[in-house]
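Participant: Pasting in a structure now, in structure tokens, and then I'll have a few things to ask.
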Amino acid sequence: MKALIINCTLKPSPQFSNTDALVKKAADQLKEKGAETEIIRIVDYNVKPGNVTDAGEGDEWQAVLDKIKACDIFIIASPVWMGHLASTAQRIIERLDAIFHEDGFADENNGQYFTYNKVGGCLITGNEDGAHSCAAQLLWSLQELGFTIPPNVNAYWVGLAGGDKNYVDGGGERYFYTNSTLRYMIGNLTFFAKLLKANPIDTNLKELEEVAKAESDPE
């Protein structure tokens, strides 16, 4: 199994990142489960805005996309900013939108996107409210893109309302709820990744599209 975790912190390497502390704990547990794991920070790449594969000169999205294509387990880790998902995490979702309108992302025989038979999850950190909303946005987007979302595949830590404590200095590394949900997450992601490797989804999307056309009014 190969796992990829994209840390969507706004801080480039090697700056300290609270999100990175939770990411590293997740990576250690993935390795315990036998998954070869890579961590990258999206801000270390010049990923331009857009919903295409190639956004022009200097765009480094293709290098990130190649890593996503090669993995079996895909995790997006995002901080909370003003109660919302980090713009860096949203940009990943926007760039992946190219699979819906560009050639080369779907199997020619069954129409499945390359994301099929890959599992997805998310990690959230912050010192303000918004973790549930951020997780909901990410997990919904990942399933829309074709990733399989097993049960209980998000883990988060947020500090007290109006406080200034983050994951590391706020006790997040020893917080039971965060640690238990992370264990659930890694256990379920690795289980379903193995399951899908042994039993790939056999849904033929092209055939289902033809059936749907026959029972629908012309556009």
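Following the order of the structure tokens, first chain is A, next is B, and so on, with residues numbered from 1 inside each chain and ligands from 1 in the order they appear.
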Can you pull out every residue within 6 Å of Val119 (chain A), counting only C-alpha atoms, but drop anything in the same chain fewer than 5 positions away, and send it as an MDAnalysis selection string?

Facilitator: chainID A and resid 73 147:149

Participant: Please, which residues in region 103-153 of chain A fall within 12 Å of region 179-193 of chain A when counting only C-alpha atoms, and what is the closest atom pair and distance in Å to one decimal for each, ordered by chain then residue number, as a tab-separated table?

Facilitator:
```
residue	atom	partner	partner_atom	distance
A:Tyr116	CA	A:Ala193	CA	11.0
A:Asn117	CA	A:Ala193	CA	7.5
A:Lys118	CA	A:Ala193	CA	6.6
A:Val119	CA	A:Ala193	CA	6.1
A:Gly120	CA	A:Leu189	CA	7.4
A:Gly121	CA	A:Met185	CA	7.5
A:Cys122	CA	A:Met185	CA	8.8
A:Leu123	CA	A:Leu182	CA	8.5
A:Ile124	CA	A:Leu182	CA	10.9
A:Phe147	CA	A:Ala193	CA	10.8
A:Thr148	CA	A:Phe192	CA	8.4
A:Ile149	CA	A:Leu189	CA	8.3
A:Pro150	CA	A:Asn188	CA	6.4
A:Pro151	CA	A:Asn188	CA	6.9
A:Asn152	CA	A:Met185	CA	5.6
A:Val153	CA	A:Met185	CA	4.2
```

Participant: Of the residues A:Ala27, A:Ala35, A:Ala212, A:Leu4, which is the one nearest to Lys194 (chain A), using only C-alpha atoms?

Facilitator: A:Ala35

Participant: Considering only C-alpha atoms, state which residue in the set A:Phe16, A:Tyr167, A:Phe100, A:Trp140 is at the smallest distance from Val52 (chain A).

Facilitator: A:Phe100

Participant: Using only C-alpha atoms, pick whichever of A:Cys71, A:Asp164, A:Gln29, A:Asn109 has the shortest atom-to-atom distance to Thr203 (chain A).

Facilitator: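 Among A:Cys71, A:Asp164, A:Gln29, A:Asn109, it is A:Asn109 that comes nearest to Thr203 (chain A).
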
Participant: For the strand (DSSP E) assignment from backbone DSSP, which residues of region 74-184 of chain A qualify? Please present them as a VMD selection string.

Facilitator: chain A and resid 74 to 81 84 to 85 119 to 126 154 to 158

Participant: Just want the 12 Å neighbourhood of Tyr156 (chain A), counted on only C-alpha atoms, with same-chain residues fewer than 6 positions away dropped. Output as a PDB file with N, CA and C atoms, in the first residue's frame.

Facilitator:
```pdb
ATOM      1  N   ASN A  18       1.522  23.077  13.266  1.00  0.00           N
ATOM      2  CA  ASN A  18       0.723  22.227  14.140  1.00  0.00           C
ATOM      3  C   ASN A  18       0.060  21.103  13.360  1.00  0.00           C
ATOM      4  N   THR A  19      -0.401  21.425  12.157  1.00  0.00           N
ATOM      5  CA  THR A  19      -1.020  20.400  11.321  1.00  0.00           C
ATOM      6  C   THR A  19      -0.019  19.287  11.037  1.00  0.00           C
ATOM      7  N   ALA A  21       2.279  18.172  12.950  1.00  0.00           N
ATOM      8  CA  ALA A  21       2.431  17.284  14.100  1.00  0.00           C
ATOM      9  C   ALA A  21       1.389  16.172  14.074  1.00  0.00           C
ATOM     10  N   LEU A  22       0.139  16.511  13.730  1.00  0.00           N
ATOM     11  CA  LEU A  22      -0.902  15.492  13.616  1.00  0.00           C
ATOM     12  C   LEU A  22      -0.662  14.606  12.396  1.00  0.00           C
ATOM     13  N   VAL A  23      -0.191  15.207  11.322  1.00  0.00           N
ATOM     14  CA  VAL A  23       0.122  14.451  10.104  1.00  0.00           C
ATOM     15  C   VAL A  23       1.190  13.394  10.389  1.00  0.00           C
ATOM     16  N   ALA A  26      -0.203  10.457  12.158  1.00  0.00           N
ATOM     17  CA  ALA A  26      -0.943   9.617  11.215  1.00  0.00           C
ATOM     18  C   ALA A  26       0.009   8.791  10.356  1.00  0.00           C
ATOM     19  N   ILE A  76      -6.025  14.436   3.026  1.00  0.00           N
ATOM     20  CA  ILE A  76      -5.810  15.879   3.002  1.00  0.00           C
ATOM     21  C   ILE A  76      -5.872  16.383   4.434  1.00  0.00           C
ATOM     22  N   ALA A  77      -4.844  17.101   4.860  1.00  0.00           N
ATOM     23  CA  ALA A  77      -4.784  17.664   6.206  1.00  0.00           C
ATOM     24  C   ALA A  77      -4.846  19.184   6.109  1.00  0.00           C
ATOM     25  N   SER A  78      -5.846  19.767   6.753  1.00  0.00           N
ATOM     26  CA  SER A  78      -6.050  21.208   6.604  1.00  0.00           C
ATOM     27  C   SER A  78      -6.186  21.913   7.955  1.00  0.00           C
ATOM     28  N   PRO A  79      -5.580  23.068   8.101  1.00  0.00           N
ATOM     29  CA  PRO A  79      -5.903  23.910   9.246  1.00  0.00           C
ATOM     30  C   PRO A  79      -7.238  24.618   9.016  1.00  0.00           C
ATOM     31  N   VAL A  80      -7.811  25.128  10.096  1.00  0.00           N
ATOM     32  CA  VAL A  80      -9.030  25.928  10.013  1.00  0.00           C
ATOM     33  C   VAL A  80      -8.627  27.403  10.013  1.00  0.00           C
ATOM     34  N   GLY A 121      -9.415  10.285   3.201  1.00  0.00           N
ATOM     35  CA  GLY A 121      -9.736  10.731   4.556  1.00  0.00           C
ATOM     36  C   GLY A 121      -9.179  12.115   4.776  1.00  0.00           C
ATOM     37  N   CYS A 122      -9.416  12.684   5.969  1.00  0.00           N
ATOM     38  CA  CYS A 122      -8.913  14.038   6.225  1.00  0.00           C
ATOM     39  C   CYS A 122      -8.553  14.239   7.687  1.00  0.00           C
ATOM     40  N   LEU A 123      -7.661  15.183   7.898  1.00  0.00           N
ATOM     41  CA  LEU A 123      -7.238  15.627   9.221  1.00  0.00           C
ATOM     42  C   LEU A 123      -7.456  17.135   9.307  1.00  0.00           C
ATOM     43  N   ILE A 124      -7.909  17.611  10.469  1.00  0.00           N
ATOM     44  CA  ILE A 124      -8.190  19.031  10.647  1.00  0.00           C
ATOM     45  C   ILE A 124      -7.583  19.507  11.967  1.00  0.00           C
ATOM     46  N   THR A 125      -6.940  20.668  11.945  1.00  0.00           N
ATOM     47  CA  THR A 125      -6.437  21.272  13.178  1.00  0.00           C
ATOM     48  C   THR A 125      -6.781  22.749  13.203  1.00  0.00           C
ATOM     49  N   GLY A 126      -6.871  23.300  14.421  1.00  0.00           N
ATOM     50  CA  GLY A 126      -7.125  24.730  14.525  1.00  0.00           C
ATOM     51  C   GLY A 126      -7.297  25.152  15.969  1.00  0.00           C
ATOM     52  N   ASN A 127      -7.426  26.445  16.183  1.00  0.00           N
ATOM     53  CA  ASN A 127      -7.724  26.952  17.528  1.00  0.00           C
ATOM     54  C   ASN A 127      -9.027  27.738  17.505  1.00  0.00           C
ATOM     55  N   GLU A 128      -9.956  27.277  16.640  1.00  0.00           N
ATOM     56  CA  GLU A 128     -11.260  27.903  16.504  1.00  0.00           C
ATOM     57  C   GLU A 128     -12.239  26.852  15.972  1.00  0.00           C
ATOM     58  N   ASP A 129     -13.521  27.174  16.001  1.00  0.00           N
ATOM     59  CA  ASP A 129     -14.544  26.262  15.527  1.00  0.00           C
ATOM     60  C   ASP A 129     -14.446  26.083  14.013  1.00  0.00           C
ATOM     61  N   GLY A 130     -15.016  24.995  13.503  1.00  0.00           N
ATOM     62  CA  GLY A 130     -15.051  24.784  12.054  1.00  0.00           C
ATOM     63  C   GLY A 130     -14.566  23.428  11.597  1.00  0.00           C
ATOM     64  N   ALA A 131     -14.126  22.574  12.534  1.00  0.00           N
ATOM     65  CA  ALA A 131     -13.560  21.275  12.137  1.00  0.00           C
ATOM     66  C   ALA A 131     -14.586  20.409  11.418  1.00  0.00           C
ATOM     67  N   HIS A 132     -15.810  20.342  11.928  1.00  0.00           N
ATOM     68  CA  HIS A 132     -16.829  19.497  11.295  1.00  0.00           C
ATOM     69  C   HIS A 132     -17.149  19.991   9.892  1.00  0.00           C
ATOM     70  N   SER A 133     -17.256  21.300   9.740  1.00  0.00           N
ATOM     71  CA  SER A 133     -17.552  21.866   8.426  1.00  0.00           C
ATOM     72  C   SER A 133     -16.438  21.573   7.429  1.00  0.00           C
ATOM     73  N   CYS A 134     -15.196  21.728   7.872  1.00  0.00           N
ATOM     74  CA  CYS A 134     -14.054  21.471   6.983  1.00  0.00           C
ATOM     75  C   CYS A 134     -13.998  20.008   6.575  1.00  0.00           C
ATOM     76  N   ALA A 135     -14.211  19.103   7.539  1.00  0.00           N
ATOM     77  CA  ALA A 135     -14.188  17.679   7.228  1.00  0.00           C
ATOM     78  C   ALA A 135     -15.312  17.317   6.260  1.00  0.00           C
ATOM     79  N   ASN A 166      -2.806  25.981  20.119  1.00  0.00           N
ATOM     80  CA  ASN A 166      -2.906  25.126  18.949  1.00  0.00           C
ATOM     81  C   ASN A 166      -2.681  23.663  19.334  1.00  0.00           C
ATOM     82  N   TYR A 167      -2.624  22.792  18.329  1.00  0.00           N
ATOM     83  CA  TYR A 167      -2.567  21.350  18.577  1.00  0.00           C
ATOM     84  C   TYR A 167      -1.439  20.947  19.515  1.00  0.00           C
ATOM     85  N   GLY A 172      -3.127  18.803  22.358  1.00  0.00           N
ATOM     86  CA  GLY A 172      -3.768  17.949  21.363  1.00  0.00           C
ATOM     87  C   GLY A 172      -3.112  16.598  21.190  1.00  0.00           C
ATOM     88  N   GLU A 173      -1.798  16.526  21.370  1.00  0.00           N
ATOM     89  CA  GLU A 173      -1.091  15.264  21.150  1.00  0.00           C
ATOM     90  C   GLU A 173      -1.447  14.207  22.192  1.00  0.00           C
ATOM     91  N   TYR A 175      -4.654  14.226  23.646  1.00  0.00           N
ATOM     92  CA  TYR A 175      -6.099  14.323  23.792  1.00  0.00           C
ATOM     93  C   TYR A 175      -6.765  13.041  23.301  1.00  0.00           C
ATOM     94  N   PHE A 176      -7.545  12.400  24.197  1.00  0.00           N
ATOM     95  CA  PHE A 176      -8.079  11.071  23.908  1.00  0.00           C
ATOM     96  C   PHE A 176      -8.948  11.048  22.659  1.00  0.00           C
ATOM     97  N   TYR A 177      -9.877  11.984  22.527  1.00  0.00           N
ATOM     98  CA  TYR A 177     -10.805  11.937  21.387  1.00  0.00           C
ATOM     99  C   TYR A 177     -10.053  11.998  20.064  1.00  0.00           C
ATOM    100  N   THR A 178      -9.082  12.903  19.968  1.00  0.00           N
ATOM    101  CA  THR A 178      -8.299  13.015  18.736  1.00  0.00           C
ATOM    102  C   THR A 178      -7.499  11.748  18.481  1.00  0.00           C
ATOM    103  N   ASN A 179      -6.887  11.228  19.519  1.00  0.00           N
ATOM    104  CA  ASN A 179      -6.077  10.011  19.352  1.00  0.00           C
ATOM    105  C   ASN A 179      -6.933   8.796  18.988  1.00  0.00           C
ATOM    106  N   SER A 180      -8.113   8.697  19.575  1.00  0.00           N
ATOM    107  CA  SER A 180      -8.958   7.539  19.264  1.00  0.00           C
ATOM    108  C   SER A 180      -9.526   7.628  17.851  1.00  0.00           C
ATOM    109  N   THR A 181      -9.977   8.820  17.441  1.00  0.00           N
ATOM    110  CA  THR A 181     -10.522   8.945  16.084  1.00  0.00           C
ATOM    111  C   THR A 181      -9.432   8.764  15.032  1.00  0.00           C
ATOM    112  N   LEU A 182      -8.205   9.155  15.361  1.00  0.00           N
ATOM    113  CA  LEU A 182      -7.096   8.921  14.431  1.00  0.00           C
ATOM    114  C   LEU A 182      -6.844   7.427  14.271  1.00  0.00           C
ATOM    115  N   ARG A 183      -6.900   6.680  15.368  1.00  0.00           N
ATOM    116  CA  ARG A 183      -6.726   5.227  15.298  1.00  0.00           C
ATOM    117  C   ARG A 183      -7.826   4.585  14.457  1.00  0.00           C
ATOM    118  N   MET A 185      -9.488   6.031  12.102  1.00  0.00           N
ATOM    119  CA  MET A 185      -9.261   6.477  10.729  1.00  0.00           C
ATOM    120  C   MET A 185      -8.209   5.627  10.022  1.00  0.00           C
TER     121      MET A 185
END
```

Participant: Residues near region 38-41 of chain A, anyone? I mean within 10 Å using only C-alpha atoms, not counting same-chain ones fewer than 6 positions away, as an MDAnalysis selection string.

Facilitator: chainID A and resid 2:14 20 23:24 27 64 67 71 75 77 88

Participant: Can you write out the residues you just picked, keeping N, CA and C atoms, as a CSV table (one decimal), in the first residue's frame?

Facilitator:
```csv
chain,number,residue,atom,x,y,z
A,2,LYS,N,0.4,2.2,-0.7
A,2,LYS,CA,1.1,3.5,-0.7
A,2,LYS,C,0.1,4.6,-0.2
A,3,ALA,N,0.5,5.4,0.7
A,3,ALA,CA,-0.3,6.5,1.3
A,3,ALA,C,0.4,7.8,1.0
A,4,LEU,N,-0.5,8.8,0.7
A,4,LEU,CA,0.0,10.2,0.5
A,4,LEU,C,-0.8,11.1,1.4
A,5,ILE,N,-0.1,11.9,2.2
A,5,ILE,CA,-0.8,12.9,3.0
A,5,ILE,C,-0.3,14.3,2.5
A,6,ILE,N,-1.2,15.1,2.1
A,6,ILE,CA,-0.9,16.5,1.7
A,6,ILE,C,-1.3,17.4,2.9
A,7,ASN,N,-0.3,18.1,3.4
A,7,ASN,CA,-0.4,19.0,4.5
A,7,ASN,C,-0.7,20.4,3.9
A,8,CYS,N,-1.9,20.9,4.2
A,8,CYS,CA,-2.3,22.2,3.6
A,8,CYS,C,-2.0,23.4,4.5
A,9,THR,N,-1.1,23.3,5.4
A,9,THR,CA,-0.6,24.4,6.1
A,9,THR,C,-0.2,25.5,5.2
A,10,LEU,N,-0.3,26.8,5.7
A,10,LEU,CA,0.1,27.9,4.9
A,10,LEU,C,1.6,28.2,5.1
A,11,LYS,N,2.2,27.4,5.9
A,11,LYS,CA,3.7,27.6,6.2
A,11,LYS,C,4.5,26.7,5.3
A,12,PRO,N,5.5,27.2,4.6
A,12,PRO,CA,6.4,26.4,3.8
A,12,PRO,C,7.4,25.6,4.7
A,13,SER,N,7.9,24.6,4.2
A,13,SER,CA,8.9,23.8,4.9
A,13,SER,C,10.2,24.7,5.0
A,14,PRO,N,10.9,24.6,6.1
A,14,PRO,CA,10.7,23.7,7.2
A,14,PRO,C,10.1,24.4,8.4
A,20,ASP,N,1.2,19.7,10.9
A,20,ASP,CA,2.3,18.7,10.6
A,20,ASP,C,2.5,17.7,11.7
A,23,VAL,N,-0.2,15.2,11.3
A,23,VAL,CA,0.1,14.5,10.1
A,23,VAL,C,1.2,13.4,10.4
A,24,LYS,N,2.2,13.8,11.1
A,24,LYS,CA,3.3,12.8,11.4
A,24,LYS,C,2.8,11.7,12.3
A,27,ALA,N,1.1,9.4,9.9
A,27,ALA,CA,2.1,8.7,9.1
A,27,ALA,C,2.7,7.5,9.8
A,64,VAL,N,2.3,16.9,-8.2
A,64,VAL,CA,1.4,16.5,-7.1
A,64,VAL,C,0.4,15.5,-7.6
A,67,LYS,N,1.6,12.0,-7.8
A,67,LYS,CA,1.7,11.4,-6.5
A,67,LYS,C,0.3,10.8,-6.0
A,71,CYS,N,-0.9,6.7,-5.3
A,71,CYS,CA,-1.2,6.2,-4.0
A,71,CYS,C,-2.5,5.4,-3.9
A,75,ILE,N,-4.9,11.3,2.0
A,75,ILE,CA,-5.4,12.1,3.1
A,75,ILE,C,-5.0,13.6,2.9
A,77,ALA,N,-4.8,17.1,4.9
A,77,ALA,CA,-4.8,17.7,6.2
A,77,ALA,C,-4.8,19.2,6.1
A,88,THR,N,-5.6,26.5,0.6
A,88,THR,CA,-4.7,25.5,-0.1
A,88,THR,C,-5.4,24.2,-0.3
```

Participant: Could you give me the residues within region 154-197 of chain A that DSSP places in helix (DSSP H, G or I), as a PyMOL selection string?

Facilitator: chain A and resi 172-174+176-197

Participant: Which distance in Å separates CA of Lys69 (chain A) and CA of Asp202 (chain A), to one decimal?

Facilitator: 18.9 Å

Participant: Hey, which of A:Leu30, A:Leu142, A:Ile201, A:Ala106 ends up closest to Ile93 (chain A)? Count only C-alpha atoms.

Facilitator: A:Leu142

Participant: Please compute the CA of Ile99 (chain A)-CA of Val211 (chain A) distance, one decimal, in Å.

Facilitator: 22.1 Å

Participant: Calculated over only C-alpha atoms, which of the candidates A:Leu160, A:Leu96, A:Ala55, A:Met82 has the smallest distance to Glu144 (chain A)?

Facilitator: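 Using only C-alpha atoms, the shortest distance to Glu144 (chain A) belongs to A:Leu96.
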
Participant: Just to confirm, what's the straight-line distance from CA of Leu195 (chain A) to CA of Ala70 (chain A) in Å (one decimal)?

Facilitator: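 Taking CA of Leu195 (chain A) and CA of Ala70 (chain A), their separation equals 17.2 Å.
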